[in-house]
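A.B. asks: Handing over input.cif, mmCIF, C-alpha atoms.
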data_run
#
loop_
_atom_site.group_PDB
_atom_site.id
_atom_site.type_symbol
_atom_site.label_atom_id
_atom_site.label_comp_id
_atom_site.auth_asym_id
_atom_site.auth_seq_id
_atom_site.Cartn_x
_atom_site.Cartn_y
_atom_site.Cartn_z
ATOM 1 C CA MET A 1 0.000 0.000 0.000
ATOM 2 C CA SER A 2 1.455 3.361 -0.980
ATOM 3 C CA ILE A 3 1.561 6.399 1.281
ATOM 4 C CA SER A 4 0.163 9.700 0.026
ATOM 5 C CA PRO A 5 2.554 12.673 -0.305
ATOM 6 C CA THR A 6 0.867 14.446 2.631
ATOM 7 C CA LYS A 7 1.251 11.424 4.902
ATOM 8 C CA GLU A 8 4.785 10.839 3.659
ATOM 9 C CA LYS A 9 5.792 14.411 4.544
ATOM 10 C CA PHE A 10 4.204 14.119 8.024
ATOM 11 C CA ILE A 11 5.878 10.762 8.668
ATOM 12 C CA SER A 12 9.248 12.026 7.462
ATOM 13 C CA HIS A 13 8.991 15.125 9.651
ATOM 14 C CA PHE A 14 8.160 13.073 12.761
ATOM 15 C CA GLY A 15 11.193 10.921 12.034
ATOM 16 C CA GLU A 16 13.426 13.988 11.838
ATOM 17 C CA MET A 17 11.903 15.481 14.991
ATOM 18 C CA GLY A 18 12.167 12.209 16.880
ATOM 19 C CA SER A 19 15.862 12.633 17.578
ATOM 20 C CA ARG A 20 15.213 16.099 18.975
ATOM 21 C CA TRP A 21 12.524 14.677 21.241
ATOM 22 C CA GLY A 22 14.706 11.872 22.580
ATOM 23 C CA ILE A 23 13.483 9.019 20.381
ATOM 24 C CA ASN A 24 15.049 7.625 17.236
ATOM 25 C CA ARG A 25 13.920 8.327 13.676
ATOM 26 C CA THR A 26 12.267 4.939 13.211
ATOM 27 C CA VAL A 27 10.153 5.274 16.364
ATOM 28 C CA GLY A 28 9.032 8.742 15.259
ATOM 29 C CA GLN A 29 8.057 7.543 11.795
ATOM 30 C CA ILE A 30 6.183 4.512 13.106
ATOM 31 C CA TYR A 31 4.282 6.693 15.552
ATOM 32 C CA ALA A 32 3.356 9.134 12.787
ATOM 33 C CA LEU A 33 2.055 6.313 10.566
ATOM 34 C CA ILE A 34 -0.069 4.870 13.389
ATOM 35 C CA PHE A 35 -1.307 8.341 14.372
ATOM 36 C CA LEU A 36 -2.532 8.981 10.818
ATOM 37 C CA SER A 37 -4.089 5.557 10.347
ATOM 38 C CA GLU A 38 -7.872 5.314 10.470
ATOM 39 C CA LYS A 39 -7.654 1.688 11.558
ATOM 40 C CA PRO A 40 -5.300 -0.212 13.864
ATOM 41 C CA LEU A 41 -2.161 -1.530 12.155
ATOM 42 C CA CYS A 42 -0.200 -4.713 12.777
ATOM 43 C CA ALA A 43 3.594 -4.830 12.787
ATOM 44 C CA ASP A 44 3.715 -6.482 9.358
ATOM 45 C CA GLU A 45 1.645 -3.668 7.802
ATOM 46 C CA ILE A 46 3.865 -1.049 9.439
ATOM 47 C CA ALA A 47 7.038 -2.786 8.233
ATOM 48 C CA GLU A 48 5.664 -3.068 4.711
ATOM 49 C CA GLN A 49 4.448 0.529 4.442
ATOM 50 C CA LEU A 50 7.622 2.076 5.860
ATOM 51 C CA THR A 51 10.002 -0.567 4.456
ATOM 52 C CA PHE A 52 11.484 -1.259 7.904
ATOM 53 C CA SER A 53 12.582 -4.631 9.213
ATOM 54 C CA ARG A 54 10.000 -6.494 11.265
ATOM 55 C CA SER A 55 12.363 -6.655 14.269
ATOM 56 C CA ASN A 56 12.957 -2.900 14.149
ATOM 57 C CA VAL A 57 9.198 -2.315 14.072
ATOM 58 C CA GLY A 58 8.706 -4.665 17.022
ATOM 59 C CA MET A 59 11.272 -2.866 19.183
ATOM 60 C CA SER A 60 9.867 0.522 18.210
ATOM 61 C CA LEU A 61 6.326 -0.542 19.094
ATOM 62 C CA LYS A 62 7.511 -1.619 22.549
ATOM 63 C CA GLU A 63 9.065 1.813 23.063
ATOM 64 C CA LEU A 64 5.885 3.565 21.890
ATOM 65 C CA GLN A 65 3.834 1.426 24.280
ATOM 66 C CA ALA A 66 6.175 2.359 27.142
ATOM 67 C CA TRP A 67 5.519 6.027 26.318
ATOM 68 C CA ARG A 68 1.759 5.229 26.173
ATOM 69 C CA LEU A 69 1.629 6.673 22.659
ATOM 70 C CA VAL A 70 0.189 3.515 21.109
ATOM 71 C CA LYS A 71 -2.251 0.976 22.468
ATOM 72 C CA LEU A 72 -2.456 -2.717 21.748
ATOM 73 C CA VAL A 73 -5.786 -3.585 20.115
ATOM 74 C CA HIS A 74 -7.240 -7.072 19.757
ATOM 75 C CA ILE A 75 -9.315 -7.669 16.654
ATOM 76 C CA PRO A 76 -11.738 -10.620 16.811
ATOM 77 C CA GLY A 77 -10.614 -13.485 14.591
ATOM 78 C CA GLU A 78 -7.054 -12.101 14.262
ATOM 79 C CA ARG A 79 -4.052 -13.712 15.878
ATOM 80 C CA ARG A 80 -1.774 -10.759 15.139
ATOM 81 C CA GLU A 81 -1.422 -7.802 17.483
ATOM 82 C CA PHE A 82 -2.664 -4.462 16.212
ATOM 83 C CA PHE A 83 -1.764 -0.973 17.381
ATOM 84 C CA GLU A 84 -3.471 2.388 17.373
ATOM 85 C CA ALA A 85 -2.731 5.838 18.752
ATOM 86 C CA PRO A 86 -5.137 7.382 21.240
ATOM 87 C CA LYS A 87 -7.774 9.311 19.298
ATOM 88 C CA ASP A 88 -7.842 12.277 21.673
ATOM 89 C CA VAL A 89 -4.875 14.591 21.022
ATOM 90 C CA TRP A 90 -5.172 15.926 24.589
ATOM 91 C CA GLU A 91 -4.683 12.397 25.923
ATOM 92 C CA ILE A 92 -1.569 12.098 23.759
ATOM 93 C CA PHE A 93 -0.283 15.434 25.044
ATOM 94 C CA ARG A 94 -0.932 14.441 28.673
ATOM 95 C CA ASN A 95 0.747 11.059 28.195
ATOM 96 C CA LEU A 96 3.825 12.724 26.719
ATOM 97 C CA VAL A 97 4.068 15.270 29.513
ATOM 98 C CA GLU A 98 3.485 12.651 32.229
ATOM 99 C CA GLU A 99 6.125 10.330 30.770
ATOM 100 C CA ARG A 100 8.659 13.156 30.400
ATOM 101 C CA ARG A 101 7.937 14.158 33.962
ATOM 102 C CA ARG A 102 8.359 10.589 35.235
ATOM 103 C CA ARG A 103 11.567 9.997 33.258
ATOM 104 C CA GLU A 104 13.245 13.403 33.548
ATOM 105 C CA VAL A 105 11.711 15.731 36.136
ATOM 106 C CA GLU A 106 11.117 13.336 39.032
ATOM 107 C CA PRO A 107 14.689 11.928 39.055
ATOM 108 C CA THR A 108 16.047 15.491 38.961
ATOM 109 C CA LEU A 109 13.811 16.547 41.864
ATOM 110 C CA SER A 110 14.938 13.511 43.850
ATOM 111 C CA MET A 111 18.599 14.379 43.289
ATOM 112 C CA LEU A 112 18.007 18.028 44.257
ATOM 113 C CA ARG A 113 16.141 17.035 47.450
ATOM 114 C CA GLU A 114 18.887 14.592 48.354
ATOM 115 C CA ALA A 115 21.592 17.231 47.829
ATOM 116 C CA LEU A 116 19.707 19.731 49.981
ATOM 117 C CA LEU A 117 18.996 17.226 52.770
ATOM 118 C CA LYS A 118 22.593 15.977 52.933
ATOM 119 C CA ASN A 119 23.874 19.512 53.199
ATOM 120 C CA ASP A 120 21.375 20.506 55.901
ATOM 121 C CA ALA A 121 23.220 18.088 58.174
ATOM 122 C CA ARG A 122 26.628 19.652 57.346
ATOM 123 C CA GLU A 123 25.569 23.295 57.713
ATOM 124 C CA ASP A 124 27.458 23.840 61.009
ATOM 125 C CA SER A 125 30.802 24.991 59.572
ATOM 126 C CA LYS A 126 30.952 28.625 58.399
ATOM 127 C CA ASP A 127 34.533 29.052 57.151
ATOM 128 C CA ASP A 128 35.493 30.669 53.836
ATOM 129 C CA ALA A 129 35.839 27.296 52.102
ATOM 130 C CA LYS A 130 32.107 26.867 52.588
ATOM 131 C CA ASP A 131 31.215 30.081 50.677
ATOM 132 C CA GLY A 132 31.324 28.276 47.324
ATOM 133 C CA GLU A 133 29.308 25.441 48.797
ATOM 134 C CA ARG A 134 26.689 27.866 50.158
ATOM 135 C CA TYR A 135 26.352 29.511 46.752
ATOM 136 C CA ALA A 136 25.955 26.102 45.082
ATOM 137 C CA LEU A 137 23.281 25.150 47.629
ATOM 138 C CA GLU A 138 21.413 28.403 47.007
ATOM 139 C CA ARG A 139 21.394 27.649 43.275
ATOM 140 C CA ILE A 140 20.269 24.062 43.895
ATOM 141 C CA GLN A 141 17.482 25.381 46.139
ATOM 142 C CA GLN A 142 16.379 27.822 43.432
ATOM 143 C CA MET A 143 16.243 25.072 40.833
ATOM 144 C CA HIS A 144 14.403 22.773 43.249
ATOM 145 C CA ASP A 145 11.824 25.460 44.038
ATOM 146 C CA LEU A 146 11.226 26.221 40.356
ATOM 147 C CA ILE A 147 10.752 22.560 39.436
ATOM 148 C CA GLU A 148 8.489 22.010 42.462
ATOM 149 C CA LEU A 149 6.370 25.031 41.509
ATOM 150 C CA THR A 150 6.119 23.871 37.904
ATOM 151 C CA SER A 151 5.203 20.344 39.011
ATOM 152 C CA ALA A 152 2.499 21.620 41.351
ATOM 153 C CA TRP A 153 1.137 23.799 38.540
ATOM 154 C CA PHE A 154 1.099 20.807 36.193
ATOM 155 C CA ASP A 155 -0.754 18.746 38.821
ATOM 156 C CA ASP A 156 -3.466 21.418 38.842
ATOM 157 C CA VAL A 157 -3.589 21.740 35.063
ATOM 158 C CA GLU A 158 -3.700 17.979 34.621
ATOM 159 C CA LYS A 159 -7.018 17.868 36.506
ATOM 160 C CA LEU A 160 -8.671 20.210 33.998
ATOM 161 C CA SER A 161 -10.903 18.901 31.260
ATOM 162 C CA PRO A 162 -9.570 19.276 27.715
ATOM 163 C CA GLU A 163 -12.156 21.996 27.057
ATOM 164 C CA THR A 164 -11.129 24.012 30.131
ATOM 165 C CA LEU A 165 -7.455 23.536 29.325
ATOM 166 C CA GLN A 166 -8.036 24.785 25.800
ATOM 167 C CA THR A 167 -9.850 27.859 27.147
ATOM 168 C CA LEU A 168 -6.976 28.519 29.547
ATOM 169 C CA MET A 169 -4.430 28.243 26.760
ATOM 170 C CA LYS A 170 -6.415 30.621 24.547
ATOM 171 C CA MET A 171 -6.459 33.120 27.412
ATOM 172 C CA GLY A 172 -2.641 33.065 27.576
ATOM 173 C CA SER A 173 -1.798 36.588 26.408
ATOM 174 C CA LYS A 174 -4.801 38.069 28.210
ATOM 175 C CA VAL A 175 -3.682 36.541 31.499
ATOM 176 C CA VAL A 176 -0.149 37.876 30.980
ATOM 177 C CA LYS A 177 -1.507 41.377 30.352
ATOM 178 C CA LEU A 178 -3.665 41.167 33.496
ATOM 179 C CA ILE A 179 -0.707 40.078 35.628
ATOM 180 C CA GLU A 180 1.497 42.817 34.162
ATOM 181 C CA PHE A 181 -1.239 45.360 34.898
ATOM 182 C CA THR A 182 -1.576 44.218 38.531
ATOM 183 C CA ASP A 183 2.233 44.327 38.887
ATOM 184 C CA ARG A 184 2.263 47.930 37.652
ATOM 185 C CA LEU A 185 -0.504 48.835 40.095
ATOM 186 C CA ARG A 186 1.382 47.233 42.954
ATOM 187 C CA LEU A 187 4.627 49.004 42.004
ATOM 188 C CA ASP A 188 2.810 52.337 41.644
ATOM 189 C CA GLY A 189 1.276 51.837 45.103
ATOM 190 C CA LYS A 190 4.682 51.143 46.610
ATOM 191 C CA SER A 191 6.313 54.196 45.004
ATOM 192 C CA LYS A 192 3.591 56.471 46.405
ATOM 193 C CA ASN A 193 4.146 55.172 49.968
#
Would you give me this structure, written as structure tokens?

C.D. replies:
Amino acid sequence: MSISPTKEKFISHFGEMGSRWGINRTVGQIYALIFLSEKPLCADEIAEQLTFSRSNVGMSLKELQAWRLVKLVHIPGERREFFEAPKDVWEIFRNLVEERRRREVEPTLSMLREALLKNDAREDSKDDAKDGERYALERIQQMHDLIELTSAWFDDVEKLSPETLQTLMKMGSKVVKLIEFTDRLRLDGKSKN
């Protein structure tokens, strides 16, 4: 089965972008093909359409399942396994963000917490050699606080329905203008006092 020029361009682009997103080209192209498919695809169909080896497709499908970007689908009367992408793009977005958070953000937060806790116990000495250490700890604390704040914000956003989230995103520039306006009012109030 041939792939239309539009699909081919989309698939090729996802392959190129894959390496920038932390996955390989093949995984990106397989995901793009499944995403665009109206019906679930089996590994043999994917291998044939993209001219990839069956083993390469199998490994890539396992990786896509680990990212929760494709789901295994059982078709009555078929012995082969079929795969499809979630239909809701918001579900895909949430899965990607959750997986990135689990794989990248949470380990970083754990390391930052550990560094801060270990150094709380050693805080007694105040000699000059500790100045560099204190500065490093301040920077670690700043990074920890930022990541914690962002994670808490994501927890709140994650609870929103797709419709509410879309409304919030559309309000983006309006919210920024409102916050800037309130900041100016607060600064004006302080300068008058």

A.B. asks: To test your reading of the syntax: which residues would the PyMOL selection byres ((chain A and resi 99-113) around 8) return for the file shown? Reply as a list of chain:residue names.

C.D. replies: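 So the PyMOL selection byres ((chain A and resi 99-113) around 8), applied here, picks out A:Trp67, A:Asn95, A:Leu96, A:Val97, A:Glu98, A:Glu114, A:Ala115, A:Leu116, A:Leu117, A:Ile140, A:Gln141, A:His144, A:Ile147, A:Glu148.
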
A.B. asks: Contacts of Ile46 in chain A at 8 Å or less, counting all atoms listed in the file, minus same-chain residues fewer than 6 places along, as a ChimeraX atom specification?

C.D. replies: /A:30,33,52,57

A.B. asks: Write out as a count of residues only the residues lying within 6 Å of range 76-85 of chain A, counting all atoms listed in the file and excluding same-chain residues fewer than 5 positions away.

C.D. replies: 8

A.B. asks: Which is closer to Ser53 in chain A than all the others in A:Leu185, A:Thr26, A:Phe14, A:Tyr31, using all atoms listed in the file?

C.D. replies: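 Ranked by minimum distance to Ser53 in chain A, first place goes to A:Thr26.
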
A.B. asks: Would you mind reading off the distance between CA of Arg134 in chain A and CA of Leu149 in chain A, one decimal, in Å?

C.D. replies: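 Value for the CA of Arg134 in chain A-CA of Leu149 in chain A distance: 22.3 Å.
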
A.B. asks: What is the distance between CA of Gln29 in chain A and CA of Asp88 in chain A, in Å to one decimal?

C.D. replies: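 Between CA of Gln29 in chain A and CA of Asp88 in chain A the gap is 19.3 Å.
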
A.B. asks: Mind giving me the straight-line distance from CA of Arg68 in chain A to CA of Pro5 in chain A in Å, one decimal?

C.D. replies: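 Computed distance, CA of Arg68 in chain A to CA of Pro5 in chain A, equals 27.5 Å.
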
A.B. asks: Restricting the calculation to only C-alpha atoms: of A:Ala32, A:Arg94, A:Asp145, A:Lys159, which residue gets closest to Phe10 in chain A?

C.D. replies: A:Ala32

A.B. asks: Can you spell out as a PyMOL selection string the set of residues that the PyMOL selection byres ((chain A and resi 163-166) around 12) selects in the structure I just provided?

C.D. replies: chain A and resi 88-91+93-94+154+156-162+167-172

A.B. asks: Pick the closest to Val27 in chain A from A:Ala43, A:His13, A:Leu64, A:Glu8: which is it, counting only C-alpha atoms?

C.D. replies: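 Residue with the minimum atom-to-atom distance to Val27 in chain A: A:Leu64.
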